[in-house]
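Asks: This is work08.txt, which holds compact mmCIF, C-alpha atoms:
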# COMPACT_ATOMS: atom_id res chain seq x y z
CA MET A 15 -30.95 6.23 -101.39
CA PRO A 16 -27.13 6.48 -101.91
CA THR A 17 -26.26 7.69 -98.42
CA ALA A 18 -24.38 4.71 -97.01
CA ASN A 19 -20.95 6.08 -97.90
CA LEU A 20 -21.69 9.82 -97.65
CA LEU A 21 -19.94 10.28 -94.34
CA GLN A 22 -16.75 8.64 -95.60
CA GLU A 23 -16.94 10.68 -98.80
CA ALA A 24 -17.30 13.82 -96.69
CA ARG A 25 -14.35 12.81 -94.53
CA ASN A 26 -12.29 12.44 -97.70
CA LEU A 27 -13.03 16.12 -98.33
CA PHE A 28 -11.85 17.12 -94.83
CA PRO A 29 -8.49 18.71 -95.81
CA ARG A 30 -10.19 20.93 -98.38
CA LEU A 31 -13.06 21.79 -96.05
CA VAL A 32 -10.57 22.89 -93.38
CA GLU A 33 -8.68 24.99 -95.92
CA VAL A 34 -11.84 26.75 -97.07
CA ARG A 35 -13.16 27.27 -93.54
CA ARG A 36 -9.89 28.81 -92.39
CA ALA A 37 -9.70 31.12 -95.39
CA ILE A 38 -13.16 32.44 -94.52
CA HIS A 39 -12.30 32.66 -90.83
CA ARG A 40 -9.22 34.80 -91.49
CA HIS A 41 -11.23 37.41 -93.38
CA PRO A 42 -14.61 37.91 -91.70
CA GLU A 43 -17.01 40.35 -93.30
CA LEU A 44 -20.03 42.10 -91.82
CA GLY A 45 -23.66 42.50 -92.81
CA LEU A 46 -24.37 42.73 -96.51
CA ASP A 47 -20.73 43.54 -97.26
CA THR A 48 -19.58 39.95 -97.84
CA GLU A 49 -18.05 40.41 -101.28
CA GLU A 50 -14.79 38.54 -100.59
CA THR A 51 -16.63 35.58 -99.07
CA ALA A 52 -19.09 35.51 -101.96
CA ARG A 53 -16.20 35.42 -104.43
CA LEU A 54 -14.61 32.53 -102.54
CA VAL A 55 -17.91 30.65 -102.70
CA GLU A 56 -18.17 31.36 -106.43
CA ARG A 57 -14.64 30.06 -107.03
CA GLU A 58 -15.45 26.81 -105.24
CA LEU A 59 -18.68 26.43 -107.21
CA ARG A 60 -16.89 27.07 -110.50
CA ASP A 61 -14.29 24.43 -109.65
CA LEU A 62 -17.13 21.98 -108.98
CA GLY A 63 -18.90 22.89 -112.22
CA ILE A 64 -22.03 24.06 -110.41
CA PRO A 65 -24.01 26.91 -112.04
CA HIS A 66 -24.70 29.87 -109.80
CA ARG A 67 -25.76 33.51 -109.75
CA ARG A 68 -25.80 36.52 -107.47
CA LEU A 69 -28.90 37.55 -105.55
CA ALA A 70 -29.39 40.64 -103.38
CA GLY A 71 -25.90 41.93 -104.12
CA THR A 72 -23.64 39.59 -102.18
CA GLY A 73 -25.89 36.55 -101.85
CA VAL A 74 -25.05 33.53 -103.98
CA ALA A 75 -27.53 30.94 -105.25
CA ALA A 76 -26.30 27.71 -106.87
CA TYR A 77 -28.21 24.94 -108.60
CA LEU A 78 -27.96 21.15 -108.79
CA GLY A 79 -30.25 18.63 -110.48
CA GLN A 80 -31.98 21.24 -112.59
CA ASP A 81 -33.41 18.48 -114.80
CA ARG A 82 -34.97 16.70 -111.81
CA PRO A 83 -38.77 16.77 -111.39
CA GLY A 84 -40.70 18.42 -108.59
CA LEU A 85 -40.08 21.28 -106.19
CA ALA A 86 -36.53 22.13 -105.14
CA LEU A 87 -34.89 21.83 -101.73
CA VAL A 88 -32.89 24.78 -100.34
CA LEU A 89 -29.69 24.15 -98.36
CA ARG A 90 -28.87 27.39 -96.56
CA GLY A 91 -25.61 28.63 -95.06
CA ASP A 92 -24.89 32.17 -93.88
CA MET A 93 -21.61 33.98 -94.55
CA ASP A 94 -21.24 37.05 -92.30
CA GLY A 95 -19.24 37.55 -89.11
CA LEU A 96 -19.57 39.74 -86.02
CA PRO A 97 -18.00 43.09 -84.99
CA LEU A 98 -15.86 41.47 -82.29
CA GLN A 99 -12.12 41.34 -81.63
CA GLU A 100 -11.03 37.71 -81.68
CA ASP A 101 -9.30 36.51 -78.51
CA THR A 102 -8.07 33.03 -79.40
CA ALA A 103 -4.68 31.45 -80.06
CA LEU A 104 -5.79 29.89 -83.34
CA PRO A 105 -3.09 30.02 -86.04
CA PHE A 106 -5.80 31.08 -88.49
CA LYS A 107 -7.44 33.71 -86.28
CA SER A 108 -9.07 36.76 -87.81
CA GLU A 109 -6.69 39.08 -89.64
CA ILE A 110 -9.15 41.98 -89.56
CA ALA A 111 -9.25 44.03 -86.36
CA GLY A 112 -12.62 44.15 -84.67
CA ARG A 113 -14.15 41.35 -86.74
CA MET A 114 -14.58 37.66 -86.00
CA HIS A 115 -16.54 34.61 -87.05
CA ALA A 116 -17.84 34.17 -83.52
CA CYS A 117 -21.08 32.45 -84.50
CA GLY A 118 -19.62 29.82 -86.81
CA HIS A 119 -20.90 31.14 -90.11
CA ASP A 120 -17.55 30.20 -91.63
CA LEU A 121 -18.43 26.59 -90.77
CA HIS A 122 -21.99 26.97 -92.09
CA THR A 123 -20.78 28.19 -95.48
CA THR A 124 -18.15 25.46 -95.66
CA CYS A 125 -20.67 22.73 -94.79
CA VAL A 126 -22.93 23.82 -97.64
CA LEU A 127 -19.93 23.88 -100.01
CA GLY A 128 -19.04 20.38 -98.80
CA ALA A 129 -22.60 19.24 -99.44
CA ALA A 130 -22.33 20.80 -102.91
CA ALA A 131 -19.27 18.67 -103.69
CA LEU A 132 -21.00 15.51 -102.46
CA LEU A 133 -24.19 16.22 -104.37
CA LYS A 134 -22.32 17.05 -107.56
CA ALA A 135 -20.83 13.55 -107.40
CA HIS A 136 -24.35 12.10 -106.90
CA GLU A 137 -26.26 14.56 -109.07
CA ALA A 138 -27.79 11.76 -111.15
CA ASP A 139 -29.31 10.33 -107.94
CA LEU A 140 -31.02 13.53 -106.82
CA PRO A 141 -34.78 13.03 -106.46
CA GLN A 142 -35.45 16.76 -106.81
CA PRO A 143 -33.60 19.96 -107.75
CA VAL A 144 -31.41 21.51 -105.05
CA VAL A 145 -30.74 25.21 -104.47
CA LEU A 146 -27.72 26.25 -102.42
CA MET A 147 -28.36 29.51 -100.56
CA PHE A 148 -25.24 31.38 -99.43
CA GLN A 149 -26.63 34.28 -97.45
CA PRO A 150 -25.08 37.51 -96.12
CA ALA A 151 -26.19 39.59 -93.14
CA GLU A 152 -27.83 37.03 -90.86
CA GLU A 153 -26.35 38.90 -87.90
CA GLY A 154 -27.96 42.05 -89.27
CA PRO A 155 -29.49 43.83 -91.01
CA GLY A 156 -30.84 40.57 -92.47
CA GLY A 157 -29.95 38.91 -95.76
CA ALA A 158 -32.63 36.22 -96.06
CA LEU A 159 -35.44 38.62 -96.90
CA PRO A 160 -33.54 40.40 -99.71
CA MET A 161 -32.68 37.02 -101.23
CA LEU A 162 -36.33 35.95 -100.97
CA LYS A 163 -37.44 39.14 -102.68
CA ASP A 164 -34.82 38.52 -105.36
CA GLY A 165 -36.34 35.14 -106.22
CA ILE A 166 -34.40 32.47 -104.30
CA LEU A 167 -37.61 30.41 -103.90
CA SER A 168 -39.09 30.95 -107.35
CA ASP A 169 -36.60 29.93 -110.04
CA PRO A 170 -36.70 26.96 -109.73
CA ALA A 171 -39.77 26.70 -107.55
CA VAL A 172 -38.76 25.67 -104.03
CA GLY A 173 -40.85 23.42 -101.80
CA ALA A 174 -38.70 22.79 -98.70
CA ALA A 175 -35.57 24.06 -96.96
CA ILE A 176 -32.99 23.20 -94.30
CA MET A 177 -30.41 25.34 -92.54
CA VAL A 178 -27.34 24.43 -90.51
CA HIS A 179 -26.22 26.25 -87.34
CA CYS A 180 -23.39 25.58 -84.89
CA ASP A 181 -24.39 24.34 -81.44
CA VAL A 182 -21.80 24.42 -78.66
CA GLU A 183 -23.94 22.21 -76.44
CA LEU A 184 -23.60 19.25 -78.83
CA SER A 185 -20.37 17.35 -79.35
CA ALA A 186 -18.79 17.35 -82.78
CA GLY A 187 -20.02 14.28 -84.61
CA THR A 188 -23.64 14.80 -83.59
CA VAL A 189 -26.54 16.86 -84.87
CA GLY A 190 -29.85 17.84 -83.30
CA PHE A 191 -33.30 18.79 -84.53
CA LYS A 192 -36.31 20.51 -82.96
CA SER A 193 -39.72 20.67 -84.59
CA GLY A 194 -42.24 23.43 -84.02
CA PRO A 195 -40.97 26.69 -82.50
CA ALA A 196 -37.20 26.19 -82.72
CA MET A 197 -35.78 29.71 -82.33
CA ALA A 198 -37.26 32.87 -80.88
CA SER A 199 -38.43 36.09 -82.42
CA VAL A 200 -36.31 39.10 -81.50
CA ASP A 201 -37.54 42.63 -80.81
CA ASP A 202 -35.27 45.38 -79.50
CA PHE A 203 -36.60 48.25 -77.45
CA THR A 204 -35.54 51.71 -76.29
CA ILE A 205 -37.20 53.34 -73.29
CA THR A 206 -36.51 57.04 -72.73
CA VAL A 207 -37.45 58.46 -69.33
CA ARG A 208 -37.63 62.24 -68.96
CA GLY A 209 -37.76 63.79 -65.50
CA GLN A 210 -36.83 67.18 -64.08
CA GLY A 211 -33.28 67.98 -63.10
CA GLY A 212 -32.18 69.74 -59.96
CA HIS A 213 -29.79 69.63 -57.03
CA ALA A 214 -29.25 66.15 -55.63
CA ALA A 215 -29.46 67.63 -52.13
CA HIS A 216 -33.13 68.53 -52.78
CA PRO A 217 -34.67 65.57 -54.66
CA GLU A 218 -38.17 66.71 -53.72
CA ARG A 219 -37.78 69.71 -56.06
CA GLY A 220 -37.26 67.60 -59.17
CA VAL A 221 -38.19 64.29 -60.79
CA ASP A 222 -35.34 61.82 -60.72
CA ALA A 223 -35.38 60.02 -64.07
CA LEU A 224 -32.75 57.57 -62.80
CA VAL A 225 -35.01 56.31 -60.01
CA VAL A 226 -37.93 55.98 -62.41
CA ALA A 227 -35.78 54.08 -64.91
CA SER A 228 -34.56 51.76 -62.15
CA GLN A 229 -38.13 50.99 -61.14
CA ILE A 230 -39.00 50.16 -64.74
CA VAL A 231 -36.02 47.77 -64.96
CA VAL A 232 -37.02 45.95 -61.78
CA LEU A 233 -40.77 45.83 -62.38
CA ALA A 234 -40.36 44.77 -66.01
CA GLN A 235 -39.03 41.43 -64.72
CA THR A 236 -42.59 40.65 -63.64
CA LEU A 237 -43.69 40.68 -67.29
CA VAL A 238 -42.08 37.25 -67.49
CA SER A 239 -42.21 36.00 -63.91
CA ARG A 240 -45.79 37.06 -63.08
CA MET A 241 -47.60 38.10 -66.27
CA THR A 242 -46.60 35.34 -68.70
CA ASN A 243 -47.99 31.82 -68.77
CA PRO A 244 -45.14 29.62 -67.46
CA THR A 245 -45.69 27.24 -70.37
CA GLU A 246 -44.96 30.05 -72.87
CA PRO A 247 -41.23 30.85 -72.84
CA ALA A 248 -40.26 34.52 -72.98
CA VAL A 249 -37.15 36.56 -72.27
CA LEU A 250 -36.88 40.26 -71.49
CA THR A 251 -33.36 41.57 -70.96
CA PHE A 252 -32.11 45.12 -70.40
CA GLY A 253 -28.72 45.59 -72.01
CA THR A 254 -27.83 49.26 -71.38
CA ILE A 255 -28.73 52.17 -69.13
CA HIS A 256 -27.42 55.66 -69.82
CA GLY A 257 -28.26 58.94 -68.13
CA GLY A 258 -27.38 61.65 -65.70
CA HIS A 259 -24.68 64.31 -65.58
CA ARG A 260 -22.76 63.95 -62.31
CA GLN A 261 -23.14 62.67 -58.77
CA ASN A 262 -24.88 65.74 -57.31
CA ILE A 263 -27.38 66.45 -60.11
CA LEU A 264 -30.77 64.80 -60.47
CA ALA A 265 -30.88 62.93 -63.77
CA ASP A 266 -33.36 64.58 -66.12
CA ARG A 267 -33.07 61.94 -68.87
CA VAL A 268 -32.27 58.22 -68.85
CA GLU A 269 -32.28 55.83 -71.78
CA LEU A 270 -32.72 52.07 -71.41
CA THR A 271 -32.28 49.51 -74.17
CA GLY A 272 -32.97 45.81 -74.25
CA THR A 273 -34.39 42.84 -76.11
CA ILE A 274 -37.52 40.67 -76.02
CA ARG A 275 -37.54 37.02 -77.17
CA THR A 276 -40.75 35.03 -77.65
CA PHE A 277 -42.01 32.05 -79.68
CA THR A 278 -45.59 32.92 -80.67
CA ALA A 279 -47.13 35.96 -82.36
CA LYS A 280 -49.64 36.32 -79.51
CA ARG A 281 -46.95 36.41 -76.82
CA ARG A 282 -44.80 38.69 -78.96
CA ASP A 283 -47.60 41.27 -79.26
CA GLY A 284 -48.51 40.84 -75.59
CA MET A 285 -44.99 41.51 -74.32
CA GLU A 286 -44.75 44.71 -76.34
CA GLN A 287 -48.11 45.98 -75.11
CA GLU A 288 -47.36 45.12 -71.49
CA LEU A 289 -43.95 46.82 -71.62
CA HIS A 290 -45.60 50.00 -72.92
CA ARG A 291 -48.26 49.87 -70.21
CA LEU A 292 -45.84 49.19 -67.36
CA ALA A 293 -43.36 51.91 -68.34
CA THR A 294 -46.13 54.46 -68.88
CA HIS A 295 -47.75 53.87 -65.49
CA VAL A 296 -44.47 53.76 -63.53
CA ALA A 297 -43.38 57.06 -65.06
CA ALA A 298 -46.77 58.70 -64.52
CA ALA A 299 -46.79 57.70 -60.84
CA ALA A 300 -43.52 59.61 -60.36
CA GLY A 301 -44.46 62.61 -62.47
CA ALA A 302 -42.07 61.66 -65.28
CA HIS A 303 -42.64 61.18 -68.99
CA VAL A 304 -41.66 58.09 -70.95
CA GLU A 305 -41.32 57.01 -74.56
CA VAL A 306 -41.15 53.32 -75.54
CA VAL A 307 -39.97 52.39 -79.03
CA VAL A 308 -39.91 48.72 -80.09
CA GLU A 309 -38.01 47.74 -83.22
CA HIS A 310 -39.30 44.45 -84.59
CA GLY A 311 -36.61 42.01 -85.66
CA TYR A 312 -36.75 38.47 -87.00
CA PRO A 313 -39.85 36.37 -86.29
CA SER A 314 -39.66 32.97 -84.60
CA VAL A 315 -38.27 30.02 -86.57
CA ILE A 316 -41.10 27.49 -86.81
CA CYS A 317 -39.83 24.15 -88.09
CA ASP A 318 -42.21 21.88 -89.97
CA ASN A 319 -42.90 18.62 -88.13
CA GLN A 320 -42.73 16.40 -91.23
CA MET A 321 -39.67 18.10 -92.68
CA THR A 322 -37.89 17.85 -89.34
CA ALA A 323 -38.75 14.16 -89.06
CA LEU A 324 -37.43 13.56 -92.59
CA ALA A 325 -34.20 15.43 -91.84
CA LEU A 326 -33.73 13.54 -88.56
CA GLN A 327 -34.22 10.21 -90.30
CA ALA A 328 -31.81 11.15 -93.10
CA ALA A 329 -29.19 12.34 -90.61
CA GLY A 330 -29.55 9.11 -88.68
CA SER A 331 -29.01 7.11 -91.87
CA VAL A 332 -25.81 9.03 -92.58
CA LEU A 333 -24.34 9.25 -89.07
CA GLY A 334 -26.04 6.50 -87.12
CA ALA A 335 -29.31 6.93 -85.23
CA ASP A 336 -27.56 7.62 -81.90
CA ARG A 337 -25.79 10.67 -83.37
CA ALA A 338 -28.91 12.40 -84.70
CA VAL A 339 -30.94 13.52 -81.69
CA VAL A 340 -34.20 15.26 -80.91
CA LEU A 341 -33.63 18.44 -78.90
CA ALA A 342 -35.87 18.92 -75.89
CA ASP A 343 -35.88 22.71 -75.85
CA PRO A 344 -35.99 25.52 -78.40
CA SER A 345 -33.31 28.21 -78.52
CA THR A 346 -34.01 31.80 -77.51
CA GLY A 347 -31.49 32.88 -80.12
CA ALA A 348 -32.90 34.40 -83.31
CA GLU A 349 -32.42 33.62 -87.01
CA ASP A 350 -33.66 35.28 -90.19
CA PHE A 351 -34.10 31.79 -91.67
CA ALA A 352 -37.49 32.35 -90.02
CA TYR A 353 -38.62 34.10 -93.21
CA VAL A 354 -37.79 31.03 -95.30
CA ALA A 355 -39.45 28.69 -92.79
CA ALA A 356 -42.62 30.79 -92.92
CA LEU A 357 -42.93 30.15 -96.67
CA VAL A 358 -41.89 26.49 -97.13
CA PRO A 359 -41.66 23.43 -94.82
CA SER A 360 -38.26 23.75 -93.17
CA ALA A 361 -35.87 22.07 -90.76
CA HIS A 362 -33.05 23.43 -88.61
CA CYS A 363 -29.96 21.28 -88.19
CA HIS A 364 -28.03 22.01 -84.99
CA LEU A 365 -24.43 21.08 -85.79
CA GLY A 366 -22.42 19.94 -82.77
CA VAL A 367 -19.09 21.81 -82.61
CA ARG A 368 -17.90 21.05 -79.07
CA SER A 369 -14.85 18.83 -78.82
CA PRO A 370 -16.11 15.38 -77.72
CA ASP A 371 -13.48 15.18 -74.98
CA THR A 372 -14.54 18.53 -73.47
CA ALA A 373 -17.05 18.34 -70.63
CA ASP A 374 -18.44 21.80 -71.27
CA VAL A 375 -17.93 24.82 -73.45
CA GLY A 376 -16.15 26.72 -70.69
CA PRO A 377 -16.78 30.29 -69.50
CA GLY A 378 -16.93 32.86 -72.26
CA ARG A 379 -16.35 30.39 -75.10
CA GLY A 380 -19.86 30.02 -76.48
CA LEU A 381 -21.36 31.57 -79.57
CA HIS A 382 -20.85 35.33 -79.94
CA SER A 383 -17.82 35.11 -77.66
CA ALA A 384 -14.40 36.51 -78.54
CA ARG A 385 -12.99 33.14 -77.41
CA PHE A 386 -15.34 30.93 -79.43
CA VAL A 387 -13.58 27.88 -80.85
CA ALA A 388 -15.29 25.15 -82.91
CA ASP A 389 -14.14 21.60 -83.50
CA GLU A 390 -13.42 21.34 -87.23
CA GLY A 391 -14.38 17.68 -87.09
CA ALA A 392 -17.92 19.01 -87.46
CA LEU A 393 -17.31 20.08 -91.07
CA PRO A 394 -17.73 16.69 -92.80
CA ILE A 395 -20.63 15.92 -90.44
CA GLY A 396 -22.58 18.98 -91.57
CA ALA A 397 -21.74 18.41 -95.23
CA ALA A 398 -22.80 14.76 -95.14
CA VAL A 399 -26.06 15.45 -93.29
CA LEU A 400 -27.11 18.21 -95.68
CA ALA A 401 -26.29 16.01 -98.66
CA GLY A 402 -28.14 13.10 -97.06
CA VAL A 403 -31.28 15.19 -96.61
CA ALA A 404 -31.11 16.27 -100.26
CA LEU A 405 -30.69 12.69 -101.49
CA SER A 406 -33.51 11.40 -99.29
CA GLY A 407 -36.10 13.45 -101.17
CA THR A 408 -38.65 15.93 -99.82
CA ALA A 409 -41.63 15.23 -102.09
CA ALA A 410 -43.75 14.01 -99.18
CA VAL A 411 -43.49 17.35 -97.36
CA ALA A 412 -42.82 19.84 -100.16
CA ARG A 413 -45.19 22.75 -100.60
CA ARG A 414 -44.86 25.51 -103.18
CA ALA A 415 -43.88 28.78 -101.53
CA GLY A 416 -46.61 31.35 -101.11
CA ALA A 417 -46.32 35.06 -101.75
CA ILE A 418 -44.06 37.13 -99.53
CA PRO A 419 -46.27 39.15 -97.14
CA ALA A 420 -46.37 42.86 -97.92
CA ASP A 421 -45.39 43.82 -94.35
CA TRP A 422 -42.06 41.97 -94.45
Using the file provided, produce a representation of the structure as structure tokens.
Replies:
Amino acid sequence: MPTANLLQEARNLFPRLVEVRRAIHRHPELGLDTEETARLVERELRDLGIPHRRLAGTGVAAYLGQDRPGLALVLRGDMDGLPLQEDTALPFKSEIAGRMHACGHDLHTTCVLGAAALLKAHEADLPQPVVLMFQPAEEGPGGALPMLKDGILSDPAVGAAIMVHCDVELSAGTVGFKSGPAMASVDDFTITVRGQGGHAAHPERGVDALVVASQIVVLAQTLVSRMTNPTEPAVLTFGTIHGGHRQNILADRVELTGTIRTFTAKRRDGMEQELHRLATHVAAAAGAHVEVVVEHGYPSVICDNQMTALALQAAGSVLGADRAVVLADPSTGAEDFAYVAALVPSAHCHLGVRSPDTADVGPGRGLHSARFVADEGALPIGAAVLAGVALSGTAAVARRAGAIPADW
């Protein structure tokens, strides 16, 4: 396996990787509208002589080792940013107001492009075909599923996949892996409480929707603390509360919104049912009416044990065993790579982006923060690890993708 010099080869690419990453960072795009980023990716692929095509509008799929036998391996990087005003002093900060690469997707895309350059140089050594998946809309409304429906896993047939994602809890120069449930499912909810308005001086003559809503917020915490098995992680968070007219009027309508994160289908269904039940009974006890609407988001990312072990071993060969670690805990963040992982054995590479000389991330500087800053020394690390996994071969764990479920 020609991985001994991959890290040095990746470090030789560092100036170009930084240039590409900064170009993407300056011009963040949102959702499925990632046309400029897709064109940048296509230019880089053309310069490398790698064939590619568009999928799902702004998604890009590229192909290496097409003459290799067996099922292909997908290397996935997402391209979209977040609707957030950047608050950093970076000389290459976002040039578009209200948009920022605050989750590191500019690094993800660049790492996959770096891996593409490395693999092009070693294409004759590839043990299987490789598909590069440059995906829009991970932050919403979801770009993985449209690319799946457009054939990313079928031509050539794909048998395994790996994604890369920035991790501010790991120092640059290291990567981490977690098998089994690795990231949570995400479901957003809206609870609307309807009471009866009236004069605040005579609360007995109305039904105060604000009090009912407050009771729902407080009692809903018991869905995790008292109604969930402590060995089954779950998160329920209320994000907004809106209602009322002024200080001396009983609120006749209050709207609550929030999110639920779980790791198993059983717990996911249970949390939704229990939230409905709790809100309904609290409202009924006060003479109010309630409506609970749950919008299902991405499912949990379940990483294949064998694929994760293979990726960990390959990363250790490239970086050194002490720099490829097993993560103790899953993340309650969500990822639409979950759809890929549900169809083929998959691994999730957590890419350390914290400066090694920094003790912690610092307040307000993590992912999805306006002050998020990543150590660019992570770029050759991610590129080399992805290339190393591709060159290590996935035949032992590959499985032809099944049909996409009709309810996706």
Asks: What does the distance between atom CA of Gln149 of chain A and atom CA of Leu400 of chain A come to in Å, to one decimal place?
Replies: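 Distance between the two atoms: 16.2 Å.
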Asks: Give me the box for segment 208-224 of chain A as JSON, namely the centre and edge lengths in Å to one decimal of a box along x, y and z that holds every listed atom plus 4 Å on each side.
Replies:
{"center_x": -33.7, "center_y": 63.7, "center_z": -60.5, "size_x": 16.9, "size_y": 20.2, "size_z": 24.8}
Asks: A:Asp201, A:Glu50, A:Asp389, A:Glu152: which is nearest Val308 of chain A, counting all atoms listed in the file?
Replies: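 Of A:Asp201, A:Glu50, A:Asp389, A:Glu152, the one nearest Val308 of chain A, counting all atoms listed in the file, is A:Asp201.
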Asks: Name the residues in contact with segment 18-28 of chain A at a cut-off of 10 Å, using only C-alpha atoms, excluding same-chain residues fewer than 3 positions from it; report them as number ranges by chain.
Replies: A: 15, 31-34, 125, 128-129, 131-133, 135-136, 331-333, 390-399, 401-402
Asks: For a quick check of understanding, using only C-alpha atoms, which of A:Val144, A:Val354, A:Ala111, A:Leu98 has the smallest distance to Ala384 of chain A?
Replies: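 Using only C-alpha atoms, Ala384 of chain A sits closest to A:Leu98.
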Asks: Just want the 9 Å neighbourhood of Ala52 of chain A, counted on only C-alpha atoms, with same-chain residues fewer than 2 positions away dropped. Output as number ranges by chain.
Replies: A: 48-50, 54-57, 68, 72-74, 93, 148-150
Asks: In Å to one decimal, how far is atom CA of Ala175 of chain A from atom CA of Leu87 of chain A?
Replies: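 Straight-line distance from atom CA of Leu87 of chain A to atom CA of Ala175 of chain A works out to 5.3 Å.
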Asks: Please determine, counting all atoms listed in the file, which residue among A:Phe252, A:Met177, A:Phe191, A:Arg260 has the shortest atom-to-atom distance to Ala329 of chain A.
Replies: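 Nearest candidate to Ala329 of chain A out of A:Phe252, A:Met177, A:Phe191, A:Arg260: A:Phe191.
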Asks: Could you work out how far atom CA of Val387 of chain A lies from atom CA of Gly95 of chain A, giving the answer in Å with one decimal?
Replies: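 That distance, rounded to one decimal, is 13.9 Å.
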Asks: Please identify all polymer residues within 6 Å of segment 185-187 of chain A, counting only C-alpha atoms, omitting same-chain residues fewer than 2 positions from it, and present them as a PyMOL selection string.
Replies: chain A and resi 366-370+392
Asks: Near Ala116 of chain A, counting all atoms listed in the file, which residues have an atom at most 10 Å away, once you skip same-chain residues fewer than 5 positions from it, shown as a list in words?
Replies: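 Residues near the query, excluding close chain neighbours: His39, Pro42, Asp94, Gly95, Leu96, Pro97, Leu98, Gln99, Glu100, Arg379, Gly380, Leu381, His382, Ser383, Ala384, Arg385, Phe386, Val387 and Ala388 of chain A.
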Asks: Counting only C-alpha atoms, find residues at most 8 Å from (-33.1, 36.8, -97.9) (file frame) and give them as a PyMOL selection string.
Replies: chain A and resi 70+149+156-164+166+350+353-354
Asks: Per residue of segment 267-334 of chain A within 8 Å of segment 220-235 of chain A, which atom pair is closest and at what distance in Å (one decimal), using all atoms listed in the file, listed by chain and increasing number, as a tab-separated table?
Replies:
residue	atom	partner	partner_atom	distance
A:Arg267	CA	A:Ala223	CA	5.7
A:Val268	CA	A:Ala223	CA	6.0
A:Glu269	CA	A:Ala227	CA	7.9
A:Leu270	CA	A:Ala227	CA	7.5
A:Leu289	CA	A:Ala234	CA	7.0
A:Leu292	CA	A:Ala234	CA	7.2
A:Ala293	CA	A:Ile230	CA	5.9
A:Val296	CA	A:Ile230	CA	6.7
A:Ala297	CA	A:Val226	CA	6.2
A:Ala300	CA	A:Val226	CA	7.0
A:Gly301	CA	A:Val221	CA	6.7
A:Ala302	CA	A:Val221	CA	6.5
Asks: Around the point (-27.5, 22.5, -92.1) (coordinates from the file), which residues reach within 9 Å if we count only C-alpha atoms? Answer as a list in words.
Replies: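 Checked against the point, the hits come out as Leu89, Arg90, Gly91, His122, Cys125, Val126, Ile176, Met177, Val178, His179, Cys180, Ala361, His362, Cys363, His364, Leu365, Gly396, Ala397, Val399 and Leu400 of chain A.
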Asks: For Thr251 of chain A, please output as a list in words all residues within 10 Å (counting all atoms listed in the file; exclusion window: fewer than 6 positions along the same chain).
Replies: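 Here the qualifying residues turn out to be Asp202, Phe203, Val231, Ala234, Gln235, Thr271, Gly272, Thr273, Ile274 and Arg275 of chain A.
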